[in-house]
>>> print(open('structure-v7.pdb').read())   # PDB, C-alpha atoms, pLDDT in the B column
MODEL        1
ATOM      1  CA  MET M   1     -17.699 -13.951   4.715  1.00 84.00           C
ATOM      2  CA  TYR M   2     -15.677 -11.281   6.585  1.00 88.00           C
ATOM      3  CA  TYR M   3     -18.428  -8.668   6.241  1.00 90.00           C
ATOM      4  CA  LYS M   4     -17.685  -7.194   9.678  1.00 93.00           C
ATOM      5  CA  GLU M   5     -13.991  -6.857   8.847  1.00 91.00           C
ATOM      6  CA  MET M   6     -14.669  -5.217   5.486  1.00 90.00           C
ATOM      7  CA  CYS M   7     -17.059  -2.757   7.156  1.00 90.00           C
ATOM      8  CA  TRP M   8     -14.355  -1.946   9.721  1.00 91.00           C
ATOM      9  CA  LEU M   9     -11.834  -1.180   6.954  1.00 90.00           C
ATOM     10  CA  SER M  10     -14.355   1.102   5.308  1.00 90.00           C
ATOM     11  CA  SER M  11     -15.385   2.849   8.535  1.00 91.00           C
ATOM     12  CA  LYS M  12     -11.738   3.628   9.326  1.00 91.00           C
ATOM     13  CA  GLY M  13     -11.114   4.960   5.810  1.00 90.00           C
ATOM     14  CA  ILE M  14      -8.488   2.280   5.171  1.00 91.00           C
ATOM     15  CA  ALA M  15     -10.309   0.684   2.238  1.00 90.00           C
ATOM     16  CA  THR M  16     -12.342   3.047   0.089  1.00 89.00           C
ATOM     17  CA  GLY M  17     -13.635   0.613  -2.505  1.00 87.00           C
ATOM     18  CA  TRP M  18     -13.943   1.270  -6.217  1.00 88.00           C
ATOM     19  CA  PRO M  19     -15.313   4.389  -7.961  1.00 91.00           C
ATOM     20  CA  ASP M  20     -18.468   2.470  -8.907  1.00 95.00           C
ATOM     21  CA  GLY M  21     -19.273   1.935  -5.216  1.00 90.00           C
ATOM     22  CA  THR M  22     -18.293  -1.734  -5.102  1.00 91.00           C
ATOM     23  CA  TYR M  23     -15.828  -3.447  -2.766  1.00 90.00           C
ATOM     24  CA  ARG M  24     -15.010  -6.550  -4.864  1.00 90.00           C
ATOM     25  CA  PRO M  25     -14.163  -8.774  -1.894  1.00 89.00           C
ATOM     26  CA  LEU M  26     -12.926 -11.690  -3.986  1.00 91.00           C
ATOM     27  CA  ASP M  27     -10.465  -9.650  -6.078  1.00 91.00           C
ATOM     28  CA  ASN M  28      -6.756  -9.817  -5.362  1.00 92.00           C
ATOM     29  CA  VAL M  29      -5.071  -6.834  -3.726  1.00 93.00           C
ATOM     30  CA  ASN M  30      -2.246  -5.342  -5.765  1.00 96.00           C
ATOM     31  CA  ARG M  31       0.921  -4.029  -4.183  1.00 96.00           C
ATOM     32  CA  ASP M  32       0.004  -0.400  -4.927  1.00 97.00           C
ATOM     33  CA  ALA M  33      -3.353  -0.753  -3.157  1.00 95.00           C
ATOM     34  CA  MET M  34      -1.648  -2.455  -0.208  1.00 95.00           C
ATOM     35  CA  ALA M  35       0.604   0.596   0.079  1.00 97.00           C
ATOM     36  CA  ALA M  36      -2.506   2.793   0.193  1.00 96.00           C
ATOM     37  CA  PHE M  37      -4.052   0.585   2.890  1.00 95.00           C
ATOM     38  CA  MET M  38      -0.870   0.737   4.983  1.00 95.00           C
ATOM     39  CA  TYR M  39      -0.604   4.526   4.588  1.00 97.00           C
ATOM     40  CA  ARG M  40      -4.210   5.037   5.646  1.00 96.00           C
ATOM     41  CA  TYR M  41      -3.899   2.536   8.511  1.00 94.00           C
ATOM     42  CA  ASN M  42      -1.023   4.664   9.792  1.00 94.00           C
ATOM     43  CA  GLY M  43      -3.304   7.700   9.852  1.00 95.00           C
ATOM     44  CA  SER M  44      -2.342   9.156   6.457  1.00 96.00           C
ATOM     45  CA  PRO M  45       0.720  10.874   7.930  1.00 96.00           C
ATOM     46  CA  ALA M  46       1.989  14.166   6.558  1.00 97.00           C
ATOM     47  CA  TYR M  47       4.438  13.209   3.850  1.00 98.00           C
ATOM     48  CA  GLN M  48       5.801  14.974   0.791  1.00 98.00           C
ATOM     49  CA  ALA M  49       6.617  12.404  -1.877  1.00 98.00           C
ATOM     50  CA  PRO M  50       9.904  12.973  -3.708  1.00 98.00           C
ATOM     51  CA  GLY M  51       9.943  14.517  -7.153  1.00 98.00           C
ATOM     52  CA  SER M  52      11.530  11.397  -8.591  1.00 98.00           C
ATOM     53  CA  SER M  53      10.353   7.885  -7.893  1.00 98.00           C
ATOM     54  CA  PRO M  54      12.401   5.526  -5.729  1.00 97.00           C
ATOM     55  CA  PHE M  55      11.233   2.690  -8.013  1.00 98.00           C
ATOM     56  CA  SER M  56      12.071   2.319 -11.702  1.00 98.00           C
ATOM     57  CA  ASP M  57       8.565   1.109 -12.639  1.00 98.00           C
ATOM     58  CA  VAL M  58       6.557   3.725 -10.712  1.00 98.00           C
ATOM     59  CA  VAL M  59       6.015   7.228 -12.089  1.00 98.00           C
ATOM     60  CA  THR M  60       5.218  10.219  -9.909  1.00 98.00           C
ATOM     61  CA  SER M  61       1.804  10.701 -11.551  1.00 98.00           C
ATOM     62  CA  GLN M  62       0.744   7.134 -10.827  1.00 97.00           C
ATOM     63  CA  LEU M  63      -2.206   6.345  -8.577  1.00 95.00           C
ATOM     64  CA  PHE M  64      -0.873   5.642  -5.065  1.00 97.00           C
ATOM     65  CA  TYR M  65       2.602   7.006  -5.909  1.00 98.00           C
ATOM     66  CA  LYS M  66       2.732   8.958  -2.656  1.00 98.00           C
ATOM     67  CA  GLU M  67       1.765   5.885  -0.654  1.00 98.00           C
ATOM     68  CA  MET M  68       4.328   3.640  -2.360  1.00 98.00           C
ATOM     69  CA  ALA M  69       7.074   6.236  -1.864  1.00 98.00           C
ATOM     70  CA  TRP M  70       6.017   6.619   1.786  1.00 98.00           C
ATOM     71  CA  MET M  71       6.307   2.843   2.290  1.00 96.00           C
ATOM     72  CA  GLN M  72       9.841   2.954   0.900  1.00 96.00           C
ATOM     73  CA  SER M  73      10.807   6.008   2.969  1.00 96.00           C
ATOM     74  CA  GLN M  74       9.647   4.306   6.159  1.00 94.00           C
ATOM     75  CA  GLY M  75      11.527   1.092   5.397  1.00 92.00           C
ATOM     76  CA  LEU M  76       8.269  -0.844   5.102  1.00 93.00           C
ATOM     77  CA  SER M  77       8.845  -1.818   1.487  1.00 92.00           C
ATOM     78  CA  THR M  78      12.206  -2.291  -0.136  1.00 90.00           C
ATOM     79  CA  GLY M  79      10.885  -3.212  -3.558  1.00 93.00           C
ATOM     80  CA  TRP M  80      12.613  -5.837  -5.655  1.00 95.00           C
ATOM     81  CA  PRO M  81      16.387  -6.246  -6.124  1.00 96.00           C
ATOM     82  CA  ASP M  82      16.086  -4.879  -9.680  1.00 98.00           C
ATOM     83  CA  GLY M  83      14.767  -1.536  -8.361  1.00 97.00           C
ATOM     84  CA  THR M  84      11.127  -2.165  -9.231  1.00 98.00           C
ATOM     85  CA  TYR M  85       8.047  -2.116  -7.019  1.00 97.00           C
ATOM     86  CA  ARG M  86       5.727  -4.081  -9.328  1.00 98.00           C
ATOM     87  CA  PRO M  87       2.691  -2.040  -8.284  1.00 98.00           C
ATOM     88  CA  VAL M  88       0.021  -3.918 -10.226  1.00 97.00           C
ATOM     89  CA  THR M  89       1.192  -7.346  -9.132  1.00 96.00           C
ATOM     90  CA  ALA M  90      -1.010  -9.065  -6.587  1.00 96.00           C
ATOM     91  CA  ILE M  91       0.643  -8.947  -3.199  1.00 93.00           C
ATOM     92  CA  ALA M  92       1.906 -12.301  -2.012  1.00 90.00           C
ATOM     93  CA  ARG M  93       1.285 -13.337   1.566  1.00 88.00           C
ATOM     94  CA  ASP M  94       5.011 -13.264   2.379  1.00 90.00           C
ATOM     95  CA  ALA M  95       5.340  -9.644   1.221  1.00 90.00           C
ATOM     96  CA  MET M  96       2.207  -8.669   3.144  1.00 89.00           C
ATOM     97  CA  ALA M  97       3.697 -10.273   6.253  1.00 91.00           C
ATOM     98  CA  ALA M  98       6.961  -8.378   5.706  1.00 90.00           C
ATOM     99  CA  PHE M  99       5.140  -5.033   5.343  1.00 90.00           C
ATOM    100  CA  LEU M 100       3.133  -5.567   8.524  1.00 90.00           C
ATOM    101  CA  TYR M 101       6.125  -6.882  10.478  1.00 92.00           C
ATOM    102  CA  ARG M 102       8.261  -3.893   9.505  1.00 91.00           C
ATOM    103  CA  MET M 103       5.437  -1.541  10.480  1.00 88.00           C
ATOM    104  CA  GLU M 104       5.311  -3.050  13.970  1.00 89.00           C
ATOM    105  CA  ASN M 105       9.101  -3.444  14.270  1.00 88.00           C
ATOM    106  CA  PRO M 106      10.665  -0.347  12.715  1.00 81.00           C
ATOM    107  CA  THR M 107      14.416  -0.300  12.266  1.00 76.00           C
ATOM    108  CA  LYS M 108      14.654   3.492  12.003  1.00 53.00           C
TER     109      LYS M 108
ENDMDL
END
>>> encode(input="structure-v7.pdb", output="structure tokens")
Amino acid sequence: MYYKEMCWLSSKGIATGWPDGTYRPLDNVNRDAMAAFMYRYNGSPAYQAPGSSPFSDVVTSQLFYKEMAWMQSQGLSTGWPDGTYRPVTAIARDAMAAFLYRMENPTK
């Protein structure tokens, strides 16, 4: 199911799959990976991530740090009220909707 859509994501470089060459279509998408998808969907814009993380639970050496920081800098992700991003939490549908809505309706 959704083979055509998964191939489209891959052909556009939005989803790159796993190092072992698999896609894992039934796995959940974590918030950090969603940030990477959004960054790539936006053309991987030139962006220099800050030297200190905008989120208390994300370190600058973390996989997808640049993408998560970019999301925050663009107003696409505000994180949680406690200052966390919760990068390895599966993204809920409401948060995904908020990310996409903010991308299409920027406030900046």
>>> closest_residue(input="structure-v7.pdb", among="M:Asn30, M:Met71, M:Thr89, M:Asn42", to="M:Pro54", atoms="all atoms listed in the file")
M:Met71
>>> atom_distance(input="structure-v7.pdb", atom1="atom CA of M:Ser52", atom2="atom CA of M:Arg93")
28.6 Å
>>> atom_distance(input="structure-v7.pdb", atom1="atom CA of M:Met96", atom2="atom CA of M:Tyr3")
20.9 Å
>>> resolve_selection(input="structure-v7.pdb", expression="the PyMOL selection byres ((chain M and resi 12-21) around 12)", output="short mmCIF file (atom, residue, chain, number, x, y, z; two decimals) with C-alpha atoms, in the coordinates of the input")
data_model
loop_
_atom_site.label_atom_id
_atom_site.label_comp_id
_atom_site.auth_asym_id
_atom_site.auth_seq_id
_atom_site.Cartn_x
_atom_site.Cartn_y
_atom_site.Cartn_z
CA GLU M 5 -13.99 -6.86 8.85
CA MET M 6 -14.67 -5.22 5.49
CA CYS M 7 -17.06 -2.76 7.16
CA TRP M 8 -14.36 -1.95 9.72
CA LEU M 9 -11.83 -1.18 6.95
CA SER M 10 -14.36 1.10 5.31
CA SER M 11 -15.38 2.85 8.54
CA THR M 22 -18.29 -1.73 -5.10
CA TYR M 23 -15.83 -3.45 -2.77
CA ARG M 24 -15.01 -6.55 -4.86
CA PRO M 25 -14.16 -8.77 -1.89
CA ASP M 27 -10.46 -9.65 -6.08
CA VAL M 29 -5.07 -6.83 -3.73
CA ALA M 33 -3.35 -0.75 -3.16
CA MET M 34 -1.65 -2.46 -0.21
CA ALA M 35 0.60 0.60 0.08
CA ALA M 36 -2.51 2.79 0.19
CA PHE M 37 -4.05 0.58 2.89
CA MET M 38 -0.87 0.74 4.98
CA TYR M 39 -0.60 4.53 4.59
CA ARG M 40 -4.21 5.04 5.65
CA TYR M 41 -3.90 2.54 8.51
CA ASN M 42 -1.02 4.66 9.79
CA GLY M 43 -3.30 7.70 9.85
CA SER M 44 -2.34 9.16 6.46
#
>>> closest_residue(input="structure-v7.pdb", among="M:Val59, M:Ala46, M:Met68, M:Leu76", to="M:Asn105", atoms="all atoms listed in the file")
M:Leu76
>>> atom_distance(input="structure-v7.pdb", atom1="atom CA of M:Ser77", atom2="atom CA of M:Asn28")
18.8 Å
>>> axis_aligned_box(input="structure-v7.pdb", around="stretch 48-58 of chain M", padding_each_side="5 Å", output="AutoDock Vina command-line options")
--center_x 9.1 --center_y 8.0 --center_z -5.9 --size_x 16.6 --size_y 23.9 --size_z 23.4
